[in-house]
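Single-structure report; data block below.
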Amino acid sequence: MDFLNKLGKKATETYQVTKEKASNLSEEIKIKSKIGDYKDKIKEKYNEIGKEVYNQIKDGNDVSKDSIISKCDEITIAKNEISKLEEQLLAIKKVRKCSECGTEIPIDSDFCSKCGKKQPKVEKVEIKEEPKDVKEAEVIEINNVENNEESNN
């Protein structure tokens with residue numbers, strides 16, 4: 001019996017670890033997809049700026065700063081969002097960047113494994129999970145179902 005209990009406990013632990021890894025992998029994929037979307041948006045804005053500057057110069061006009069500033073602001077916003085998403089990605093992977101060379105290292109490392117630089121202490125990082133969609137259902141009491149079915153026949 002003891003063997004079966006140990007086996008059941010080990011199976012449960014393995015399931016939990018696998019479930020967590022799958023969840024983290026799924027979250028990583030979502031974040032990487034969002035980062036890709038923002039990078040595409042940045043490229044699009046760079047192209048728009050380039051086309052506008054080219055067309056203005058081609059037509060012999062001075063380049064209008066106002067129309068370009070709004071596109072630059074959109075690029076800045078997208079870059080800030082990418083930074084936030086990259087921080088979330090590091091937290092999910094339980095790593096951080098070396099303060100010297102930028103290499104990903106385990107979050108609790110005292111030294112970088114690549115450059116050897118002593119790392120500052122890190123406060124606990126918490127990953128805030130958004131609540132899952134909860135669907136509520138209303139239970140309606142149905143009485144005398146058998147009697148209703150019999151009377152319909």
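FYI, nothing fancy with the structure tokens labels: chains A, B, ... in order, residues from 1 per chain, ligands from 1 as they appear.
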Need to verify the contact set: stretch 57-74 of chain A, 9 Å, only C-alpha atoms, exclusion of same-chain residues closer than 5 positions in sequence. Can you return it as a list in words? Lys41, Ile42, Lys45, Tyr46, Glu48, Ile49, Glu52 and Lys79 of chain A
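Of the listed residues (A:Gly8, A:Lys117, A:Phe3, A:Ile75), A:Ile75 comes nearest to A:Asp40; the distances count only C-alpha atoms.
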Which residues, written as a PyMOL selection string, have at least one atom at most 9 Å from stretch 105-115 of chain A, with only C-alpha atoms counted and residues fewer than 4 positions away on the same chain left out? chain A and resi 90-91+93-101+119-122
Within stretch 32-138 of chain A, find each residue whose DSSP state, derived from the backbone, is strand (DSSP E or B), and express the selection as a list in words. Val95, Arg96, Lys97, Glu104, Ile105, Pro106, Phe111 and Lys118 of chain A
Taking 6 positions as the minimum chain separation for residues in the same chain, which residues sit within 12 Å of A:Leu25 when counting only C-alpha atoms? Answer as a PyMOL selection string. chain A and resi 18-19+31-32+89+92-93
Output file for the residues above (C-alpha atoms, as an mmCIF file, in the first residue's frame):
```cif
data_model
loop_
_atom_site.group_PDB
_atom_site.id
_atom_site.type_symbol
_atom_site.label_atom_id
_atom_site.label_comp_id
_atom_site.auth_asym_id
_atom_site.auth_seq_id
_atom_site.Cartn_x
_atom_site.Cartn_y
_atom_site.Cartn_z
ATOM 1 C CA THR A 18 4.063 19.483 -16.192
ATOM 2 C CA LYS A 19 0.931 21.595 -15.844
ATOM 3 C CA ILE A 31 3.796 37.441 -24.782
ATOM 4 C CA LYS A 32 6.209 36.759 -27.653
ATOM 5 C CA LEU A 89 8.653 37.185 -20.001
ATOM 6 C CA ILE A 92 7.739 33.798 -16.205
ATOM 7 C CA LYS A 93 11.066 32.214 -17.119
#
```
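Atom to atom, atom CA of A:Glu86 and atom CA of A:Gly50 stand 27.5 Å apart.
Interatomic distance, atom CA of A:Thr12 against atom CA of A:Glu27: 22.4 Å.
One finds atom CA of A:Ile35 at 27.1 Å from atom CA of A:Val53.
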Which polymer residues have any atom within 7 Å of an atom of A:Tyr38, counting only C-alpha atoms, with same-chain residues fewer than 4 positions away left out, as a ChimeraX atom specification? /A:34,42,78,82
I need the residues from that last selection saved to file as an mmCIF file, in the first residue's frame (with C-alpha atoms), if you can.
```cif
data_model
loop_
_atom_site.group_PDB
_atom_site.id
_atom_site.type_symbol
_atom_site.label_atom_id
_atom_site.label_comp_id
_atom_site.auth_asym_id
_atom_site.auth_seq_id
_atom_site.Cartn_x
_atom_site.Cartn_y
_atom_site.Cartn_z
ATOM 1 C CA LYS A 34 2.375 40.510 -28.584
ATOM 2 C CA ILE A 42 7.161 49.981 -35.158
ATOM 3 C CA ALA A 78 5.156 50.578 -28.685
ATOM 4 C CA ILE A 82 7.685 45.827 -25.535
#
```
